[in-house]
file work.cif (mmCIF, C-alpha atoms; chains and numbers go by the auth columns)
data_model
loop_
_atom_site.group_PDB
_atom_site.id
_atom_site.type_symbol
_atom_site.label_atom_id
_atom_site.label_comp_id
_atom_site.label_asym_id
_atom_site.label_seq_id
_atom_site.Cartn_x
_atom_site.Cartn_y
_atom_site.Cartn_z
_atom_site.B_iso_or_equiv
_atom_site.auth_seq_id
_atom_site.auth_asym_id
ATOM 1 C CA MET A 1 0.337 10.377 -24.869 0.00 1 Q
ATOM 2 C CA PHE A 2 0.912 10.204 -21.098 0.00 2 Q
ATOM 3 C CA VAL A 3 1.267 7.706 -18.283 0.00 3 Q
ATOM 4 C CA THR A 4 0.841 7.881 -14.530 0.00 4 Q
ATOM 5 C CA GLY A 5 3.532 6.505 -12.302 0.00 5 Q
ATOM 6 C CA LEU A 6 4.779 6.279 -8.761 0.00 6 Q
ATOM 7 C CA TYR A 7 8.484 6.068 -8.054 0.00 7 Q
ATOM 8 C CA GLY A 8 9.802 4.983 -4.693 0.00 8 Q
ATOM 9 C CA VAL A 9 13.041 3.897 -3.088 0.00 9 Q
ATOM 10 C CA LEU A 10 12.726 1.870 0.096 0.00 10 Q
ATOM 11 C CA ASP A 11 15.592 1.165 2.482 0.00 11 Q
ATOM 12 C CA PRO A 12 14.527 -2.142 4.065 0.00 12 Q
ATOM 13 C CA ALA A 13 16.948 -1.747 6.971 0.00 13 Q
ATOM 14 C CA THR A 14 15.498 1.565 8.174 0.00 14 Q
ATOM 15 C CA GLY A 15 12.047 1.529 6.574 0.00 15 Q
ATOM 16 C CA ARG A 16 12.756 4.905 4.971 0.00 16 Q
ATOM 17 C CA LEU A 17 10.723 5.415 1.786 0.00 17 Q
ATOM 18 C CA ARG A 18 11.444 8.283 -0.606 0.00 18 Q
ATOM 19 C CA TYR A 19 8.795 8.681 -3.284 0.00 19 Q
ATOM 20 C CA ALA A 20 7.428 10.900 -6.033 0.00 20 Q
ATOM 21 C CA ASN A 21 4.076 10.665 -7.763 0.00 21 Q
ATOM 22 C CA ALA A 22 3.273 11.408 -11.400 0.00 22 Q
ATOM 23 C CA GLY A 23 -0.523 11.507 -11.337 0.00 23 Q
ATOM 24 C CA HIS A 24 -0.934 7.992 -9.929 0.00 24 Q
ATOM 25 C CA ASN A 25 -3.128 6.871 -7.046 0.00 25 Q
ATOM 26 C CA PRO A 26 -1.438 7.644 -3.738 0.00 26 Q
ATOM 27 C CA PRO A 27 -0.325 4.535 -1.868 0.00 27 Q
ATOM 28 C CA TYR A 28 -1.830 3.705 1.508 0.00 28 Q
ATOM 29 C CA MET A 29 0.331 2.900 4.513 0.00 29 Q
ATOM 30 C CA HIS A 30 -1.168 0.919 7.392 0.00 30 Q
ATOM 31 C CA THR A 31 0.608 1.875 10.608 0.00 31 Q
ATOM 32 C CA GLY A 32 -0.007 1.255 14.281 0.00 32 Q
ATOM 33 C CA ASN A 33 -1.780 4.654 14.309 0.00 33 Q
ATOM 34 C CA GLY A 34 -4.125 3.974 11.383 0.00 34 Q
ATOM 35 C CA VAL A 35 -4.015 4.420 7.620 0.00 35 Q
ATOM 36 C CA VAL A 36 -2.041 7.204 5.968 0.00 36 Q
ATOM 37 C CA GLU A 37 -2.383 8.233 2.332 0.00 37 Q
ATOM 38 C CA LEU A 38 1.081 9.054 0.947 0.00 38 Q
ATOM 39 C CA ARG A 39 0.509 12.129 -1.200 0.00 39 Q
ATOM 40 C CA ALA A 40 3.031 13.872 -3.434 0.00 40 Q
ATOM 41 C CA THR A 41 2.132 16.252 -6.256 0.00 41 Q
ATOM 42 C CA GLY A 42 3.024 15.777 -9.905 0.00 42 Q
ATOM 43 C CA MET A 43 1.271 15.571 -13.251 0.00 43 Q
ATOM 44 C CA PRO A 44 1.280 12.391 -15.355 0.00 44 Q
ATOM 45 C CA LEU A 45 4.502 11.774 -17.255 0.00 45 Q
ATOM 46 C CA GLY A 46 4.512 13.225 -20.780 0.00 46 Q
ATOM 47 C CA LEU A 47 1.601 15.590 -20.142 0.00 47 Q
ATOM 48 C CA LEU A 48 3.581 18.820 -19.715 0.00 48 Q
ATOM 49 C CA PRO A 49 7.174 19.510 -20.725 0.00 49 Q
ATOM 50 C CA ASP A 50 9.670 20.331 -17.961 0.00 50 Q
ATOM 51 C CA MET A 51 7.326 19.190 -15.196 0.00 51 Q
ATOM 52 C CA SER A 52 8.883 19.014 -11.746 0.00 52 Q
ATOM 53 C CA TYR A 53 7.832 16.452 -9.154 0.00 53 Q
ATOM 54 C CA GLU A 54 7.577 16.761 -5.404 0.00 54 Q
ATOM 55 C CA GLU A 55 9.657 14.205 -3.513 0.00 55 Q
ATOM 56 C CA LYS A 56 8.481 13.133 -0.081 0.00 56 Q
ATOM 57 C CA GLU A 57 9.535 10.720 2.632 0.00 57 Q
ATOM 58 C CA ALA A 58 7.770 8.323 4.934 0.00 58 Q
ATOM 59 C CA THR A 59 8.989 5.610 7.255 0.00 59 Q
ATOM 60 C CA LEU A 60 7.550 2.124 7.440 0.00 60 Q
ATOM 61 C CA GLY A 61 7.780 0.989 11.018 0.00 61 Q
ATOM 62 C CA PRO A 62 8.069 -2.662 12.006 0.00 62 Q
ATOM 63 C CA GLY A 63 4.877 -4.440 10.899 0.00 63 Q
ATOM 64 C CA ASP A 64 3.636 -1.513 8.759 0.00 64 Q
ATOM 65 C CA ILE A 65 2.118 -2.328 5.359 0.00 65 Q
ATOM 66 C CA LEU A 66 2.449 -0.234 2.213 0.00 66 Q
ATOM 67 C CA LEU A 67 -0.249 -0.813 -0.429 0.00 67 Q
ATOM 68 C CA LEU A 68 0.537 0.208 -4.005 0.00 68 Q
ATOM 69 C CA HIS A 69 -2.500 -0.010 -6.275 0.00 69 Q
ATOM 70 C CA SER A 70 -3.856 0.899 -9.665 0.00 70 Q
ATOM 71 C CA ASP A 71 -7.245 2.561 -10.004 0.00 71 Q
ATOM 72 C CA GLY A 72 -9.020 -0.543 -11.322 0.00 72 Q
ATOM 73 C CA LEU A 73 -10.079 -1.675 -7.843 0.00 73 Q
ATOM 74 C CA ALA A 74 -11.443 1.629 -6.523 0.00 74 Q
ATOM 75 C CA GLU A 75 -13.130 2.455 -9.829 0.00 75 Q
ATOM 76 C CA ALA A 76 -14.796 -0.965 -10.280 0.00 76 Q
ATOM 77 C CA HIS A 77 -18.599 -0.775 -10.474 0.00 77 Q
ATOM 78 C CA ASN A 78 -21.283 -3.037 -9.058 0.00 78 Q
ATOM 79 C CA PRO A 79 -24.461 -3.894 -11.026 0.00 79 Q
ATOM 80 C CA GLU A 80 -26.077 -0.643 -9.764 0.00 80 Q
ATOM 81 C CA ARG A 81 -23.097 1.308 -11.239 0.00 81 Q
ATOM 82 C CA GLN A 82 -21.824 2.354 -7.805 0.00 82 Q
ATOM 83 C CA MET A 83 -18.034 2.571 -7.522 0.00 83 Q
ATOM 84 C CA PHE A 84 -16.074 0.441 -5.062 0.00 84 Q
ATOM 85 C CA GLY A 85 -14.429 3.728 -4.025 0.00 85 Q
ATOM 86 C CA PHE A 86 -11.313 4.951 -2.309 0.00 86 Q
ATOM 87 C CA PRO A 87 -12.964 5.337 1.137 0.00 87 Q
ATOM 88 C CA ARG A 88 -13.907 1.632 1.094 0.00 88 Q
ATOM 89 C CA LEU A 89 -10.369 0.751 -0.009 0.00 89 Q
ATOM 90 C CA ALA A 90 -8.836 2.784 2.828 0.00 90 Q
ATOM 91 C CA ALA A 91 -11.179 1.177 5.374 0.00 91 Q
ATOM 92 C CA LEU A 92 -10.171 -2.297 4.200 0.00 92 Q
ATOM 93 C CA VAL A 93 -6.490 -1.370 4.467 0.00 93 Q
ATOM 94 C CA ALA A 94 -7.164 -0.295 8.055 0.00 94 Q
ATOM 95 C CA GLY A 95 -8.649 -3.685 8.909 0.00 95 Q
ATOM 96 C CA CYS A 96 -5.642 -5.839 7.949 0.00 96 Q
ATOM 97 C CA ARG A 97 -2.403 -6.501 9.770 0.00 97 Q
ATOM 98 C CA ASP A 98 -0.719 -8.701 7.146 0.00 98 Q
ATOM 99 C CA GLY A 99 0.191 -7.946 3.523 0.00 99 Q
ATOM 100 C CA GLN A 100 -1.077 -11.205 2.016 0.00 100 Q
ATOM 101 C CA GLU A 101 -4.245 -11.027 4.112 0.00 101 Q
ATOM 102 C CA LEU A 102 -4.788 -7.505 2.754 0.00 102 Q
ATOM 103 C CA ILE A 103 -4.496 -8.568 -0.909 0.00 103 Q
ATOM 104 C CA ASP A 104 -6.776 -11.570 -0.345 0.00 104 Q
ATOM 105 C CA ARG A 105 -9.344 -9.462 1.490 0.00 105 Q
ATOM 106 C CA LEU A 106 -9.369 -6.722 -1.164 0.00 106 Q
ATOM 107 C CA LEU A 107 -9.929 -9.231 -3.962 0.00 107 Q
ATOM 108 C CA GLY A 108 -12.614 -11.036 -1.933 0.00 108 Q
ATOM 109 C CA GLU A 109 -14.434 -7.778 -1.184 0.00 109 Q
ATOM 110 C CA LEU A 110 -14.225 -6.810 -4.849 0.00 110 Q
ATOM 111 C CA GLU A 111 -15.779 -10.122 -5.884 0.00 111 Q
ATOM 112 C CA GLY A 112 -18.612 -9.686 -3.400 0.00 112 Q
ATOM 113 C CA PHE A 113 -19.149 -6.060 -4.441 0.00 113 Q
ATOM 114 C CA THR A 114 -19.258 -6.636 -8.197 0.00 114 Q
ATOM 115 C CA GLY A 115 -21.196 -9.918 -8.127 0.00 115 Q
ATOM 116 C CA PRO A 116 -21.271 -12.712 -10.697 0.00 116 Q
ATOM 117 C CA GLY A 117 -20.877 -11.887 -14.373 0.00 117 Q
ATOM 118 C CA TRP A 118 -18.850 -8.757 -13.630 0.00 118 Q
ATOM 119 C CA GLU A 119 -17.024 -7.325 -16.622 0.00 119 Q
ATOM 120 C CA GLN A 120 -13.669 -5.869 -15.591 0.00 120 Q
ATOM 121 C CA GLU A 121 -13.239 -2.311 -16.915 0.00 121 Q
ATOM 122 C CA ASP A 122 -9.599 -1.633 -16.017 0.00 122 Q
ATOM 123 C CA ASP A 123 -6.493 -3.381 -14.745 0.00 123 Q
ATOM 124 C CA ILE A 124 -6.315 -4.255 -11.073 0.00 124 Q
ATOM 125 C CA THR A 125 -2.798 -4.202 -9.720 0.00 125 Q
ATOM 126 C CA LEU A 126 -2.128 -4.632 -6.001 0.00 126 Q
ATOM 127 C CA VAL A 127 1.263 -4.821 -4.313 0.00 127 Q
ATOM 128 C CA ALA A 128 1.608 -5.030 -0.542 0.00 128 Q
ATOM 129 C CA VAL A 129 4.987 -4.418 1.075 0.00 129 Q
ATOM 130 C CA GLN A 130 5.234 -5.233 4.760 0.00 130 Q
ATOM 131 C CA ARG A 131 8.215 -4.387 6.908 0.00 131 Q
ATOM 132 C CA ALA A 132 9.201 -7.278 9.139 0.00 132 Q
ATOM 133 C CA ALA A 133 8.403 -6.893 12.799 0.00 133 Q
ATOM 134 C CA VAL A 134 11.393 -6.392 15.042 0.00 134 Q
ATOM 135 C CA PRO A 135 12.488 -9.782 16.340 0.00 135 Q
ATOM 136 C CA THR A 136 12.402 -10.155 20.080 0.00 136 Q
ATOM 137 C CA ALA A 137 15.808 -10.230 21.700 0.00 137 Q
ATOM 138 C CA ALA A 138 17.067 -13.624 22.733 0.00 138 Q
ATOM 139 C CA PRO A 139 17.626 -13.990 26.456 0.00 139 Q
ATOM 140 C CA ALA A 140 21.162 -13.238 27.552 0.00 140 Q
ATOM 141 C CA PRO A 141 23.273 -16.345 28.011 0.00 141 Q
ATOM 142 C CA ARG A 142 23.663 -17.382 31.619 0.00 142 Q
ATOM 143 C CA SER A 143 27.040 -17.796 33.146 0.00 143 Q
ATOM 144 C CA PRO A 144 27.808 -21.284 34.281 0.00 144 Q
ATOM 145 C CA GLN A 145 27.041 -21.791 37.945 0.00 145 Q
ATOM 146 C CA PRO A 146 29.400 -23.788 40.140 0.00 146 Q
ATOM 147 C CA VAL A 147 28.066 -27.161 41.142 0.00 147 Q
ATOM 148 C CA PRO A 148 27.793 -27.416 44.948 0.00 148 Q
#

call {"tool": "encode", "arguments": {"input": "work.cif", "output": "structure tokens"}}
result
Amino acid sequence: MFVTGLYGVLDPATGRLRYANAGHNPPYMHTGNGVVELRATGMPLGLLPDMSYEEKEATLGPGDILLLHSDGLAEAHNPERQMFGFPRLAALVAGCRDGQELIDRLLGELEGFTGPGWEQEDDITLVAVQRAAVPTAAPAPRSPQPVP
């Protein structure tokens, strides 16, 4: 019938990300200035014939983290039927400075939120992409000094 999707091309050398979204959850990018939601408009694939998709660009700076995610995390419910929610997800993204730490923290928070005996309602897919920090420059070699 239809499927959501996010398409992106990342240049690891420059951090340039070109992306288009077909009705999928927008990715979050953790930068030195906070969390940015990468929005681009487009309907799910197969929903409407001849649909066009907006293409956008963003740049991952050194140390920035890009979180790609399915809706299963944000739409998970606790025993009181409250949703985990996108605001909580964005706040957790803001609190992490490492991609693996982010994935571990999100899954840990989900476990605490849903409690024991939780029945998963949807898939939970998380991918964190972190651009390497710029290496510090090595000190310039010293010229040999004459021995007195």

call {"tool": "residues_near_point", "arguments": {"input": "work.cif", "point": "(15.1, 0.3, 5.2)", "cutoff": "12 Å", "atoms": "only C-alpha atoms", "output": "ChimeraX atom specification"}}
result
/Q:9-18,58-62,129-132

call {"tool": "residues_around", "arguments": {"input": "work.cif", "residues": "Pro79 in chain Q", "least_positions_apart": "4", "cutoff": "8 Å", "atoms": "all atoms listed in the file", "output": "PyMOL selection string"}}
result
chain Q and resi 114-115+118

call {"tool": "resolve_selection", "arguments": {"input": "work.cif", "expression": "the PyMOL selection byres ((chain Q and resi 23) around 6)", "output": "PyMOL selection string"}}
result
chain Q and resi 4+21-22+24+42-44

call {"tool": "closest_residue", "arguments": {"input": "work.cif", "among": "Q:Asn78, Q:Ser70, Q:Thr125, Q:Asn25", "to": "Thr41 in chain Q", "atoms": "all atoms listed in the file"}}
result
Q:Asn25

call {"tool": "atom_distance", "arguments": {"input": "work.cif", "atom1": "CA of His30 in chain Q", "atom2": "CA of Asp64 in chain Q"}}
result
5.6 Å

call {"tool": "residues_around", "arguments": {"input": "work.cif", "residues": "range 93-100 of chain Q", "least_positions_apart": "6", "cutoff": "9 Å", "atoms": "only C-alpha atoms", "output": "compact mmCIF listing (two decimals) with C-alpha atoms, keeping the file's coordinate frame"}}
result
# COMPACT_ATOMS: atom_id res chain seq x y z
CA TYR Q 28 -1.83 3.70 1.51
CA MET Q 29 0.33 2.90 4.51
CA HIS Q 30 -1.17 0.92 7.39
CA THR Q 31 0.61 1.88 10.61
CA GLY Q 34 -4.12 3.97 11.38
CA VAL Q 35 -4.01 4.42 7.62
CA GLY Q 63 4.88 -4.44 10.90
CA ASP Q 64 3.64 -1.51 8.76
CA ILE Q 65 2.12 -2.33 5.36
CA LEU Q 66 2.45 -0.23 2.21
CA LEU Q 67 -0.25 -0.81 -0.43
CA LEU Q 106 -9.37 -6.72 -1.16
CA VAL Q 127 1.26 -4.82 -4.31
CA ALA Q 128 1.61 -5.03 -0.54
CA VAL Q 129 4.99 -4.42 1.08
CA GLN Q 130 5.23 -5.23 4.76

call {"tool": "residues_around", "arguments": {"input": "work.cif", "residues": "Leu107 in chain Q", "least_positions_apart": "2", "cutoff": "12 Å", "atoms": "all atoms listed in the file", "output": "list in words"}}
result
Gly72, Leu73, Ala74, Ala76, Phe84, Leu89, Leu92, Gln100, Glu101, Leu102, Ile103, Asp104, Arg105, Glu109, Leu110, Glu111, Gly112, Phe113, Thr114, Ile124, Thr125 and Leu126 of chain Q

call {"tool": "closest_residue", "arguments": {"input": "work.cif", "among": "Q:Ala90, Q:Gly108, Q:Glu55, Q:Glu121", "to": "Val36 in chain Q", "atoms": "all atoms listed in the file"}}
result
Q:Ala90

call {"tool": "atom_distance", "arguments": {"input": "work.cif", "atom1": "CA of Ala20 in chain Q", "atom2": "CA of Glu54 in chain Q"}}
result
5.9 Å

call {"tool": "atom_distance", "arguments": {"input": "work.cif", "atom1": "CA of Leu48 in chain Q", "atom2": "CA of Pro27 in chain Q"}}
result
23.2 Å

call {"tool": "decode", "arguments": {"input": "work.cif", "residues": "range 45-118 of chain Q", "atoms": "C-alpha atoms", "output": "PDB file, in the first residue's frame"}}
result
ATOM      1  CA  LEU Q  45       6.009   6.345  -0.955  1.00  0.00           C
ATOM      2  CA  GLY Q  46       3.184   4.809  -3.002  1.00  0.00           C
ATOM      3  CA  LEU Q  47       0.473   6.985  -1.456  1.00  0.00           C
ATOM      4  CA  LEU Q  48       0.052   9.476  -4.311  1.00  0.00           C
ATOM      5  CA  PRO Q  49       1.218   9.130  -7.906  1.00  0.00           C
ATOM      6  CA  ASP Q  50       3.805  11.624  -9.184  1.00  0.00           C
ATOM      7  CA  MET Q  51       4.636  12.890  -5.698  1.00  0.00           C
ATOM      8  CA  SER Q  52       7.623  15.213  -5.508  1.00  0.00           C
ATOM      9  CA  TYR Q  53       9.932  15.335  -2.501  1.00  0.00           C
ATOM     10  CA  GLU Q  54      11.738  18.259  -0.948  1.00  0.00           C
ATOM     11  CA  GLU Q  55      15.503  17.797  -0.740  1.00  0.00           C
ATOM     12  CA  LYS Q  56      17.368  19.559   2.040  1.00  0.00           C
ATOM     13  CA  GLU Q  57      20.911  19.816   3.335  1.00  0.00           C
ATOM     14  CA  ALA Q  58      22.537  19.862   6.728  1.00  0.00           C
ATOM     15  CA  THR Q  59      26.126  19.624   7.869  1.00  0.00           C
ATOM     16  CA  LEU Q  60      27.361  17.382  10.644  1.00  0.00           C
ATOM     17  CA  GLY Q  61      30.179  19.168  12.378  1.00  0.00           C
ATOM     18  CA  PRO Q  62      32.991  17.344  14.154  1.00  0.00           C
ATOM     19  CA  GLY Q  63      31.478  15.402  17.072  1.00  0.00           C
ATOM     20  CA  ASP Q  64      27.859  15.919  15.925  1.00  0.00           C
ATOM     21  CA  ILE Q  65      25.487  12.944  16.162  1.00  0.00           C
ATOM     22  CA  LEU Q  66      22.702  12.118  13.722  1.00  0.00           C
ATOM     23  CA  LEU Q  67      19.926   9.885  15.104  1.00  0.00           C
ATOM     24  CA  LEU Q  68      17.778   7.993  12.603  1.00  0.00           C
ATOM     25  CA  HIS Q  69      14.807   6.287  14.244  1.00  0.00           C
ATOM     26  CA  SER Q  70      11.556   4.509  13.590  1.00  0.00           C
ATOM     27  CA  ASP Q  71       8.406   5.507  15.446  1.00  0.00           C
ATOM     28  CA  GLY Q  72       8.370   2.454  17.727  1.00  0.00           C
ATOM     29  CA  LEU Q  73      10.364   4.207  20.458  1.00  0.00           C
ATOM     30  CA  ALA Q  74       8.425   7.483  20.613  1.00  0.00           C
ATOM     31  CA  GLU Q  75       5.072   5.717  20.295  1.00  0.00           C
ATOM     32  CA  ALA Q  76       5.774   3.068  22.972  1.00  0.00           C
ATOM     33  CA  HIS Q  77       3.298   3.162  25.870  1.00  0.00           C
ATOM     34  CA  ASN Q  78       3.798   2.688  29.592  1.00  0.00           C
ATOM     35  CA  PRO Q  79       1.280   0.761  31.749  1.00  0.00           C
ATOM     36  CA  GLU Q  80      -0.812   3.966  32.108  1.00  0.00           C
ATOM     37  CA  ARG Q  81      -0.993   4.174  28.263  1.00  0.00           C
ATOM     38  CA  GLN Q  82       1.121   7.339  28.134  1.00  0.00           C
ATOM     39  CA  MET Q  83       3.408   7.592  25.101  1.00  0.00           C
ATOM     40  CA  PHE Q  84       7.184   7.838  25.442  1.00  0.00           C
ATOM     41  CA  GLY Q  85       6.879  10.817  23.073  1.00  0.00           C
ATOM     42  CA  PHE Q  86       9.009  12.818  20.704  1.00  0.00           C
ATOM     43  CA  PRO Q  87       9.769  15.613  23.226  1.00  0.00           C
ATOM     44  CA  ARG Q  88      11.294  13.042  25.609  1.00  0.00           C
ATOM     45  CA  LEU Q  89      13.268  11.541  22.716  1.00  0.00           C
ATOM     46  CA  ALA Q  90      14.635  14.954  21.705  1.00  0.00           C
ATOM     47  CA  ALA Q  91      15.608  15.740  25.310  1.00  0.00           C
ATOM     48  CA  LEU Q  92      17.515  12.460  25.574  1.00  0.00           C
ATOM     49  CA  VAL Q  93      19.325  13.196  22.309  1.00  0.00           C
ATOM     50  CA  ALA Q  94      20.354  16.545  23.794  1.00  0.00           C
ATOM     51  CA  GLY Q  95      21.888  14.853  26.828  1.00  0.00           C
ATOM     52  CA  CYS Q  96      24.353  12.587  24.985  1.00  0.00           C
ATOM     53  CA  ARG Q  97      27.688  13.355  23.393  1.00  0.00           C
ATOM     54  CA  ASP Q  98      28.447   9.895  21.975  1.00  0.00           C
ATOM     55  CA  GLY Q  99      26.496   7.782  19.475  1.00  0.00           C
ATOM     56  CA  GLN Q 100      26.741   4.472  21.342  1.00  0.00           C
ATOM     57  CA  GLU Q 101      25.952   6.192  24.641  1.00  0.00           C
ATOM     58  CA  LEU Q 102      22.853   7.666  22.979  1.00  0.00           C
ATOM     59  CA  ILE Q 103      21.547   4.281  21.766  1.00  0.00           C
ATOM     60  CA  ASP Q 104      22.223   2.670  25.153  1.00  0.00           C
ATOM     61  CA  ARG Q 105      20.543   5.522  27.012  1.00  0.00           C
ATOM     62  CA  LEU Q 106      17.458   5.507  24.767  1.00  0.00           C
ATOM     63  CA  LEU Q 107      16.962   1.768  25.222  1.00  0.00           C
ATOM     64  CA  GLY Q 108      17.550   2.052  28.984  1.00  0.00           C
ATOM     65  CA  GLU Q 109      15.042   4.897  29.301  1.00  0.00           C
ATOM     66  CA  LEU Q 110      12.529   2.920  27.253  1.00  0.00           C
ATOM     67  CA  GLU Q 111      12.904  -0.078  29.561  1.00  0.00           C
ATOM     68  CA  GLY Q 112      12.387   2.090  32.630  1.00  0.00           C
ATOM     69  CA  PHE Q 113       9.412   3.866  31.043  1.00  0.00           C
ATOM     70  CA  THR Q 114       7.538   0.762  29.899  1.00  0.00           C
ATOM     71  CA  GLY Q 115       8.296  -1.408  32.940  1.00  0.00           C
ATOM     72  CA  PRO Q 116       8.379  -5.194  33.221  1.00  0.00           C
ATOM     73  CA  GLY Q 117       6.052  -7.283  31.084  1.00  0.00           C
ATOM     74  CA  TRP Q 118       5.897  -4.634  28.361  1.00  0.00           C
TER      75      TRP Q 118
END
